[in-house]
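The next block is target_2.txt, given as compact mmCIF, C-alpha atoms and all ligand atoms.
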```
# COMPACT_ATOMS: atom_id res chain seq x y z
CA MET G 15 -19.01 -34.40 7.24
CA PRO G 16 -19.17 -33.49 3.51
CA GLN G 17 -16.55 -34.93 1.23
CA LEU G 18 -15.45 -32.89 -1.76
CA ARG G 19 -12.54 -32.72 -4.16
CA ILE G 20 -10.39 -29.59 -4.36
CA ASP G 21 -7.76 -29.57 -7.11
CA ASN G 22 -8.16 -33.35 -7.40
CA GLN G 23 -7.50 -33.79 -3.70
CA THR G 24 -10.15 -35.45 -1.51
CA VAL G 25 -11.07 -33.19 1.40
CA HIS G 26 -13.33 -33.95 4.37
CA ALA G 27 -14.74 -30.62 5.50
CA ALA G 28 -16.62 -29.71 8.66
CA GLN G 29 -20.36 -29.30 8.18
CA GLY G 30 -21.18 -25.66 7.40
CA SER G 31 -17.61 -24.68 6.64
CA THR G 32 -16.70 -22.57 3.63
CA VAL G 33 -14.74 -23.69 0.58
CA LEU G 34 -11.95 -21.36 1.75
CA GLU G 35 -11.80 -23.08 5.15
CA ALA G 36 -11.87 -26.53 3.54
CA ALA G 37 -9.07 -25.59 1.12
CA THR G 38 -6.98 -24.03 3.88
CA SER G 39 -7.35 -27.16 6.03
CA ALA G 40 -6.01 -29.18 3.08
CA GLY G 41 -3.03 -26.84 2.63
CA ILE G 42 -4.43 -25.27 -0.54
CA GLU G 43 -3.96 -21.51 -0.68
CA ILE G 44 -6.66 -19.24 -2.08
CA PRO G 45 -5.93 -15.48 -2.33
CA THR G 46 -8.21 -13.09 -0.41
CA LEU G 47 -8.49 -9.36 0.16
CA CYS G 48 -11.74 -8.69 2.03
CA HIS G 49 -11.67 -11.86 4.12
CA PHE G 50 -10.52 -11.44 7.73
CA GLN G 51 -9.95 -14.50 9.87
CA GLY G 52 -12.49 -14.86 12.67
CA MET G 53 -14.99 -12.37 11.25
CA PRO G 54 -18.12 -12.87 9.17
CA HIS G 55 -17.52 -12.90 5.42
CA TYR G 56 -18.03 -9.69 3.48
CA THR G 57 -17.61 -10.96 -0.09
CA SER G 58 -16.77 -7.73 -1.87
CA CYS G 59 -13.43 -8.23 -3.65
CA MET G 60 -14.15 -11.54 -5.46
CA LEU G 61 -10.45 -12.37 -5.50
CA CYS G 62 -11.13 -15.68 -3.77
CA VAL G 63 -13.20 -16.95 -6.68
CA VAL G 64 -12.99 -20.69 -7.47
CA ARG G 65 -14.86 -22.85 -10.01
CA GLU G 66 -17.19 -25.72 -9.26
CA THR G 67 -16.56 -27.89 -12.32
CA GLY G 68 -19.74 -29.95 -11.95
CA SER G 69 -21.99 -26.94 -12.52
CA GLY G 70 -19.40 -24.68 -14.15
CA HIS G 71 -20.26 -21.93 -11.65
CA PHE G 72 -17.73 -19.55 -10.19
CA LEU G 73 -18.05 -19.18 -6.40
CA PRO G 74 -16.51 -16.85 -3.82
CA ALA G 75 -14.59 -19.34 -1.67
CA CYS G 76 -14.80 -17.15 1.45
CA SER G 77 -18.59 -17.47 1.66
CA ALA G 78 -19.60 -20.54 -0.41
CA ILE G 79 -20.56 -23.39 1.92
CA VAL G 80 -19.21 -26.84 1.08
CA SER G 81 -21.56 -29.59 0.01
CA GLU G 82 -21.18 -33.29 -0.64
CA GLY G 83 -19.52 -34.17 -3.94
CA MET G 84 -18.36 -30.67 -4.91
CA LEU G 85 -15.57 -30.60 -7.49
CA ILE G 86 -13.56 -27.42 -6.97
CA GLU G 87 -10.67 -26.05 -8.99
CA THR G 88 -8.73 -23.19 -7.45
CA ASN G 89 -5.96 -22.39 -9.90
CA SER G 90 -7.09 -23.22 -13.44
CA GLU G 91 -6.80 -20.75 -16.30
CA PRO G 92 -10.51 -19.70 -16.11
CA VAL G 93 -10.16 -19.12 -12.35
CA ARG G 94 -7.00 -17.06 -12.82
CA ASP G 95 -8.72 -15.04 -15.56
CA ALA G 96 -11.64 -14.30 -13.21
CA ARG G 97 -9.25 -13.21 -10.45
CA ARG G 98 -7.34 -11.00 -12.86
CA ALA G 99 -10.62 -9.32 -13.85
CA ALA G 100 -11.54 -8.83 -10.16
CA LEU G 101 -8.16 -7.17 -9.53
CA GLU G 102 -8.48 -5.00 -12.62
CA LEU G 103 -11.87 -3.77 -11.42
CA LEU G 104 -10.34 -2.85 -8.06
CA LEU G 105 -7.45 -1.11 -9.79
CA SER G 106 -9.73 0.78 -12.18
CA ASP G 107 -10.47 3.54 -9.66
CA HIS G 108 -7.39 3.11 -7.48
CA THR G 109 -5.60 6.43 -7.00
CA GLY G 110 -2.21 6.96 -5.47
CA ASP G 111 1.38 6.20 -6.31
CA CYS G 112 2.88 2.88 -5.29
CA GLU G 113 6.22 4.64 -5.61
CA GLY G 114 6.97 8.34 -5.47
CA PRO G 115 8.06 10.02 -8.73
CA CYS G 116 11.58 10.40 -7.32
CA GLN G 117 11.86 6.62 -6.88
CA ARG G 118 10.45 5.93 -10.32
CA ALA G 119 12.97 8.33 -11.84
CA CYS G 120 15.86 6.79 -9.90
CA PRO G 121 17.87 4.42 -12.16
CA ALA G 122 18.52 2.24 -9.09
CA ASN G 123 14.87 2.39 -7.93
CA ILE G 124 15.94 3.49 -4.44
CA ASP G 125 13.01 3.96 -2.05
CA ILE G 126 13.83 7.63 -1.57
CA PRO G 127 10.73 8.71 0.43
CA ARG G 128 11.41 5.96 2.98
CA LEU G 129 15.02 7.09 3.38
CA ILE G 130 13.89 10.70 3.78
CA ARG G 131 11.43 9.69 6.52
CA ARG G 132 14.27 7.99 8.36
CA ILE G 133 16.40 11.11 8.14
CA GLN G 134 13.47 13.23 9.31
CA LEU G 135 13.16 11.01 12.39
CA GLY G 136 16.85 11.50 13.18
CA ASP G 137 18.08 8.14 11.88
CA GLN G 138 21.88 8.16 12.20
CA GLU G 139 22.70 4.73 10.83
CA GLY G 140 22.41 5.42 7.13
CA ASP G 141 21.18 2.84 4.66
CA PRO G 142 23.19 0.64 2.30
CA ALA G 143 20.72 1.43 -0.52
CA VAL G 144 22.22 4.91 -0.89
CA ILE G 145 25.48 3.54 -2.30
CA ALA G 146 23.68 3.02 -5.59
CA CYS G 147 22.97 6.76 -5.68
CA ARG G 148 26.59 7.90 -5.81
CA GLN G 149 27.19 7.61 -9.55
CA CYS G 150 24.05 9.52 -10.47
CA ARG G 151 24.81 12.19 -7.91
CA GLU G 152 28.27 12.73 -9.31
CA ASN G 153 27.30 12.73 -12.97
CA SER G 154 24.07 14.70 -13.27
CA ASN G 155 22.97 18.02 -11.89
CA PRO G 156 20.18 18.04 -10.99
CA PRO G 157 19.86 14.24 -10.78
CA PRO G 158 16.73 12.52 -12.19
CA CYS G 159 15.12 12.19 -8.73
CA GLU G 160 15.21 15.95 -8.16
CA ARG G 161 13.95 16.66 -11.67
CA ALA G 162 10.94 14.43 -10.89
CA CYS G 163 10.28 15.81 -7.38
CA ARG G 164 6.73 17.22 -7.15
CA ARG G 165 7.82 19.75 -4.57
CA ALA G 166 9.52 21.66 -7.40
CA GLN G 167 6.08 22.68 -8.64
CA HIS G 168 5.45 24.41 -5.32
CA ASP G 169 8.83 26.08 -4.72
CA GLU G 170 12.02 24.03 -5.15
CA ALA G 171 12.72 20.31 -5.38
CA VAL G 172 13.80 18.60 -2.18
CA ALA G 173 17.60 18.35 -2.11
CA ILE G 174 17.46 14.59 -2.48
CA ALA G 175 21.03 14.10 -3.66
CA ARG G 176 22.44 15.88 -0.63
CA LEU G 177 20.12 14.02 1.71
CA LEU G 178 21.30 10.72 0.28
CA GLN G 179 24.89 11.93 0.49
CA TYR G 180 24.20 12.65 4.17
CA ALA G 181 22.80 9.13 4.59
CA GLU G 182 25.87 7.67 2.90
CA SER G 183 28.24 9.61 5.16
CA ASN G 184 26.37 8.15 8.15
CA LEU G 185 26.80 4.74 6.63
CA GLN G 186 30.54 5.19 6.31
CA GLN G 187 30.78 6.39 9.88
CA SER G 188 28.76 3.47 11.17
CA GLY G 189 31.04 1.08 9.26
CA THR G 190 28.21 -0.72 7.44
CA HIS G 191 29.16 -1.64 3.90
CA ALA G 192 26.43 -3.92 2.74
CA HIS G 193 25.39 -4.10 -0.91
CA ALA G 194 22.57 -1.93 -2.12
CA HIS G 195 19.16 -3.39 -1.45
CA LEU G 196 16.80 -2.82 -4.35
CA PRO G 197 13.04 -3.14 -3.86
CA ALA G 198 11.37 -6.09 -5.53
CA PHE G 199 8.79 -4.05 -7.46
CA ASN G 200 8.80 -1.32 -10.00
CA SER G 201 5.11 -0.90 -10.79
CA ALA G 202 2.95 2.15 -10.13
CA MET G 203 -0.61 0.82 -10.16
CA GLY G 204 -2.57 3.92 -9.24
CA ARG G 205 -0.21 6.65 -10.33
CA ILE G 206 -1.53 10.11 -9.49
CA GLN G 207 -2.38 12.15 -12.58
CA ASP G 208 -1.36 15.78 -12.96
CA ALA G 209 -4.87 17.02 -12.20
CA GLU G 210 -5.02 15.02 -8.94
CA TRP G 211 -1.72 15.55 -7.22
CA PRO G 212 -2.02 19.24 -6.14
CA VAL G 213 -4.06 18.06 -3.16
CA LEU G 214 -0.71 17.07 -1.69
CA MET G 215 -0.04 20.77 -1.38
CA GLU G 216 -2.54 20.92 1.45
CA ASN G 217 0.00 18.99 3.49
CA VAL G 218 3.03 20.94 2.40
CA ASN G 219 4.70 22.97 5.06
CA ASN G 220 6.29 26.18 3.98
CA ALA G 221 9.75 25.39 5.23
CA PRO G 222 12.29 27.13 2.99
CA ARG G 223 14.83 25.02 1.19
CA THR G 224 17.75 24.35 3.48
CA LYS G 225 20.91 26.05 2.28
CA PRO G 226 24.34 24.52 2.86
CA ALA G 227 26.20 25.81 5.87
CA ALA G 228 28.96 28.29 5.02
CA GLY G 229 32.11 26.43 4.03
CA SER G 230 30.36 23.05 4.11
CA GLU G 231 31.54 20.71 1.38
CA THR G 232 30.66 17.45 3.02
CA GLY G 233 26.89 17.82 2.91
CA PHE G 234 24.19 18.46 5.50
CA THR G 235 24.64 18.51 9.23
CA ARG G 236 22.09 16.41 11.08
CA GLU G 237 19.89 19.41 11.78
CA GLU G 238 20.06 20.65 8.19
CA ALA G 239 19.21 17.20 6.91
CA GLN G 240 16.20 16.95 9.20
CA ASN G 241 14.99 20.38 8.13
CA GLU G 242 15.33 19.53 4.46
CA ALA G 243 13.62 16.16 4.98
CA THR G 244 10.52 17.92 6.34
CA ARG G 245 10.02 19.41 2.87
CA CYS G 246 9.30 16.00 1.33
CA MET G 247 5.62 15.63 0.41
CA HIS G 248 5.69 11.82 0.82
CA CYS G 249 3.68 11.11 -2.29
CA ASP G 250 4.62 7.43 -2.18
CA CYS G 251 2.72 4.51 -0.62
CA ARG G 252 3.67 3.61 2.95
CA LYS G 253 3.04 -0.09 2.29
CA PRO G 254 5.01 -0.78 -0.89
CA ALA G 255 6.08 -4.24 0.23
CA SER G 256 3.00 -5.52 2.04
CA CYS G 257 0.14 -4.15 -0.10
CA LYS G 258 -1.79 -7.29 -1.06
CA LEU G 259 -3.49 -5.55 -3.98
CA ARG G 260 -0.13 -4.78 -5.51
CA LEU G 261 1.30 -8.22 -4.79
CA TYR G 262 -1.66 -10.00 -6.38
CA ALA G 263 -1.81 -7.54 -9.27
CA GLU G 264 1.80 -8.43 -10.03
CA GLU G 265 1.19 -12.15 -9.58
CA TYR G 266 -1.89 -12.23 -11.85
CA GLY G 267 -0.62 -9.71 -14.39
CA ALA G 268 -3.54 -7.34 -13.77
CA LYS G 269 -3.59 -4.13 -15.80
CA ARG G 270 -5.16 -0.99 -14.37
CA ALA G 271 -6.10 0.35 -17.79
CA ARG G 272 -8.42 -2.52 -18.75
CA PHE G 273 -11.49 -1.08 -17.00
CA ARG G 274 -10.39 2.54 -16.94
CA THR G 275 -13.19 4.79 -15.66
CA SER G 276 -13.68 8.48 -16.24
CA SER G 277 -13.70 9.15 -12.49
CA ARG G 278 -11.34 7.57 -10.02
CA ARG G 279 -11.49 7.64 -6.23
CA PRO G 280 -10.55 11.08 -4.93
CA PHE G 281 -6.92 11.47 -4.08
CA GLU G 282 -6.94 12.46 -0.41
CA HIS G 283 -4.19 12.40 2.14
CA ASP G 284 -5.92 12.44 5.54
CA LEU G 285 -3.35 13.30 8.21
CA SER G 286 -5.84 14.09 10.98
CA HIS G 287 -4.45 11.19 13.03
CA ASN G 288 -1.03 11.77 14.60
CA GLU G 289 0.39 8.38 13.63
CA ILE G 290 -1.75 7.15 10.76
CA VAL G 291 -2.23 8.32 7.20
CA PHE G 292 -5.49 7.49 5.43
CA GLU G 293 -5.72 7.56 1.64
CA GLN G 294 -9.24 7.16 0.31
CA GLY G 295 -7.86 6.65 -3.20
CA LYS G 296 -6.13 3.43 -2.16
CA CYS G 297 -9.13 2.03 -0.28
CA ILE G 298 -10.84 -1.01 -1.83
CA ALA G 299 -13.82 -0.84 0.56
CA CYS G 300 -13.09 -4.32 1.90
CA GLY G 301 -14.78 -3.35 5.18
CA ILE G 302 -12.07 -4.95 7.36
CA CYS G 303 -11.40 -1.77 9.35
CA THR G 304 -15.11 -1.12 9.91
CA ARG G 305 -15.56 -4.68 11.19
CA ILE G 306 -12.57 -4.30 13.51
CA THR G 307 -13.85 -1.08 15.08
CA GLU G 308 -17.29 -2.66 15.42
CA ARG G 309 -15.80 -5.81 16.98
CA ASP G 310 -13.88 -3.66 19.45
CA GLY G 311 -16.95 -1.63 20.37
CA ASN G 312 -15.41 1.68 19.29
CA THR G 313 -17.51 4.82 19.24
CA PRO G 314 -17.81 6.25 16.69
CA GLY G 315 -15.46 3.81 14.92
CA LEU G 316 -15.40 3.58 11.14
CA CYS G 317 -18.23 2.91 8.71
CA LEU G 318 -18.99 2.52 5.02
CA SER G 319 -21.17 5.04 3.24
CA GLY G 320 -22.38 5.36 -0.36
CA ARG G 321 -23.03 2.62 -2.86
CA GLY G 322 -21.21 0.74 -5.58
CA MET G 323 -18.23 2.64 -6.94
CA GLU G 324 -19.13 5.50 -4.58
CA THR G 325 -18.63 3.40 -1.43
CA ARG G 326 -16.33 5.22 0.97
CA ILE G 327 -14.76 4.53 4.35
CA GLY G 328 -15.00 7.20 7.02
CA ALA G 329 -16.16 7.97 10.52
CA PRO G 330 -19.93 8.43 11.04
CA LEU G 331 -21.42 11.93 10.80
CA ASN G 332 -18.45 13.16 8.82
CA LYS G 333 -16.17 12.97 11.82
CA SER G 334 -12.47 12.72 11.06
CA ILE G 335 -10.56 9.47 10.64
CA ALA G 336 -8.70 10.45 13.81
CA LYS G 337 -12.00 10.34 15.73
CA GLY G 338 -12.95 7.03 14.16
CA LEU G 339 -9.59 5.54 15.14
CA ALA G 340 -9.37 7.09 18.60
CA ASP G 341 -8.89 3.72 20.29
CA THR G 342 -5.15 2.99 20.03
CA ASP G 343 -5.32 -0.82 19.95
CA SER G 344 -8.14 -0.85 17.48
CA ALA G 345 -6.37 1.69 15.27
CA ALA G 346 -3.24 -0.46 15.26
CA ALA G 347 -5.28 -3.54 14.34
CA CYS G 348 -6.91 -1.63 11.46
CA VAL G 349 -3.58 -0.48 10.05
CA GLU G 350 -2.07 -3.95 10.27
CA ALA G 351 -5.13 -5.59 8.70
CA CYS G 352 -5.69 -3.08 5.88
CA PRO G 353 -4.75 -5.04 2.73
CA THR G 354 -3.56 -1.93 0.85
CA GLY G 355 -1.79 1.31 1.70
CA ALA G 356 -5.10 3.05 2.47
CA LEU G 357 -4.43 2.90 6.22
CA ALA G 358 -0.75 3.01 7.07
CA TRP G 359 1.64 4.20 9.73
CA ARG G 360 2.97 7.63 8.94
CA ALA G 361 6.49 6.89 10.10
CA LYS G 362 6.94 3.17 10.76
CA GLU G 363 8.64 1.09 8.12
CA ASP G 364 6.71 -1.41 6.05
CA THR G 365 8.16 -4.75 7.02
CA ALA G 366 5.96 -7.07 5.00
S1 LIG G 401 -12.06 -12.69 -0.01
FE1 LIG G 401 -13.84 -13.62 -0.80
S2 LIG G 401 -14.84 -12.00 -1.80
FE2 LIG G 401 -13.09 -11.03 -0.92
```
Step by step, read the file and then write its structure as structure tokens.
Amino acid sequence: MPQLRIDNQTVHAAQGSTVLEAATSAGIEIPTLCHFQGMPHYTSCMLCVVRETGSGHFLPACSAIVSEGMLIETNSEPVRDARRAALELLLSDHTGDCEGPCQRACPANIDIPRLIRRIQLGDQEGDPAVIACRQCRENSNPPPCERACRRAQHDEAVAIARLLQYAESNLQQSGTHAHAHLPAFNSAMGRIQDAEWPVLMENVNNAPRTKPAAGSETGFTREEAQNEATRCMHCDCRKPASCKLRLYAEEYGAKRARFRTSSRRPFEHDLSHNEIVFEQGKCIACGICTRITERDGNTPGLCLSGRGMETRIGAPLNKSIAKGLADTDSAAACVEACPTGALAWRAKEDTA
């Protein structure tokens, strides 16, 4: 049983175990993105890098095998610098908004696309977050969220203020008067550029803007609200709270611009699956979903194609993502395991 030191702590590791396993057994946390418990290592993200101080070498903890006398540091300045660089490389071609433009424009940073999805699904409870919207709604016309709405470049902006007014009236009726909940983040790591976002139009339905009912001063009826909510293009990320790339980028202070490339991943919004949205632009090619579909014996399942920066996830023979994720249990496991918002539920809330 090899004995090594990790962060000045003596650790007895099982023969053949990895540095990651040894550290975890000693209660030392090492960040990972492409590692998936119980599956062979893939070693693509390099976020798990640690430093062996005896040799001065940096090692990927998820695949480096322990040996007698190793001296490992997991959180020194050089290690953190290396992790920051790994994250910045992943962010360099990352495409897709962490937050929709409406949320970024909102002075209270309300997660507007999430609220609109709830309205679209017939949610009648309202959400305390909308209370923060009232002042803006009463003092500016149109409010900043509607001025930023991308739908306006197709026909008219979604009537966000009235939808949030509808949500607030539901809140009052349900008697909930909690304080506004503001999301913890305000970054937009892979913000879609002007030249990229029109692809969202492929998913735009042509529903006309919902007009107020005659004589209505109180806002939308439930049916009107649902109709108007269907006009939202959902250009946000469905995993704003649980995306590990975003969380680690915040933690390590990673900047997307450091390794800016001339070509980013294509911005694609694959809605071929009824319940899942796939965004190639947010994929970091960690291979977790392909390993899950392989583990589960799915046919065709998902696979990786291309090389280097051109590596892409998809179903074999150019079949759709829906075909690759035809097995319900496997599809659910892929969505839950995806470390970014590349694979996400179309309607379920992100409960990180
Ligand atoms: S977790 Fe080790 S390289 Fe990705």
Env of Arg151 of chain G: 12 Å cut, atoms = all atoms listed in the file, seq-sep filter 5 positions within chain, self excluded. Answer as a PyMOL selection string. chain G and resi 120-122+144-146+156-160+173-179+182
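Using only C-alpha atoms and all ligand atoms as the basis for the distance check, residues found within 10 Å of ligand LIG 401 (chain G) are Leu34, Ile44, Pro45, Thr46, Leu47, Cys48, His49, Phe50, His55, Tyr56, Thr57, Ser58, Cys59, Met60, Leu61, Cys62, Val63, Val64, Leu73, Pro74, Ala75, Cys76, Ser77, Ala78, Ala100, Cys300 and Gly301 of chain G.
The interatomic distance for the pair atom CA of Ser286 of chain G and atom CA of Ala336 of chain G works out to 5.4 Å.
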Could you please determine the separation between atom CA of Arg274 of chain G and atom CA of Thr109 of chain G in Å, to one decimal place? 11.7 Å
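Here atom CA of Asn123 of chain G and atom CA of Asp250 of chain G stand 12.8 Å from one another.
Ranking G:Leu104, G:Val349, G:Ile335, G:Cys251 by their shortest atom-to-atom distance to Thr313 of chain G, with only C-alpha atoms included, puts G:Ile335 first.
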Please write as a PDB file with C-alpha atoms, keeping the file's coordinate frame the list of polymer residues whose atoms come within 7 Å of (-12.2, 3.0, 16.2), counting all atoms listed in the file and keeping to the coordinates of the file.
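File written: selection.pdb
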```pdb
ATOM      1  CA  THR G 307     -13.850  -1.080  15.080  1.00  0.00           C
ATOM      2  CA  ASN G 312     -15.410   1.680  19.290  1.00  0.00           C
ATOM      3  CA  THR G 313     -17.510   4.820  19.240  1.00  0.00           C
ATOM      4  CA  PRO G 314     -17.810   6.250  16.690  1.00  0.00           C
ATOM      5  CA  GLY G 315     -15.460   3.810  14.920  1.00  0.00           C
ATOM      6  CA  LEU G 316     -15.400   3.580  11.140  1.00  0.00           C
ATOM      7  CA  GLY G 338     -12.950   7.030  14.160  1.00  0.00           C
ATOM      8  CA  LEU G 339      -9.590   5.540  15.140  1.00  0.00           C
ATOM      9  CA  ALA G 340      -9.370   7.090  18.600  1.00  0.00           C
ATOM     10  CA  ASP G 341      -8.890   3.720  20.290  1.00  0.00           C
ATOM     11  CA  SER G 344      -8.140  -0.850  17.480  1.00  0.00           C
ATOM     12  CA  ALA G 345      -6.370   1.690  15.270  1.00  0.00           C
TER      13      ALA G 345
END
```
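Distances from G:Val93, G:Met323, G:Cys297, G:Ala263 to Ser277 of chain G were compared using only C-alpha atoms, and the smallest one belongs to G:Met323.
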Selected residue of minimal separation from Thr235 of chain G among G:Ala143, G:Ala361, G:Cys303, G:Ile133, counting all atoms listed in the file: G:Ile133
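Taking all atoms listed in the file into account, Arg98 of chain G lies nearest to G:Glu264 out of the set G:Asp125, G:Asp137, G:Glu264, G:Asp21.
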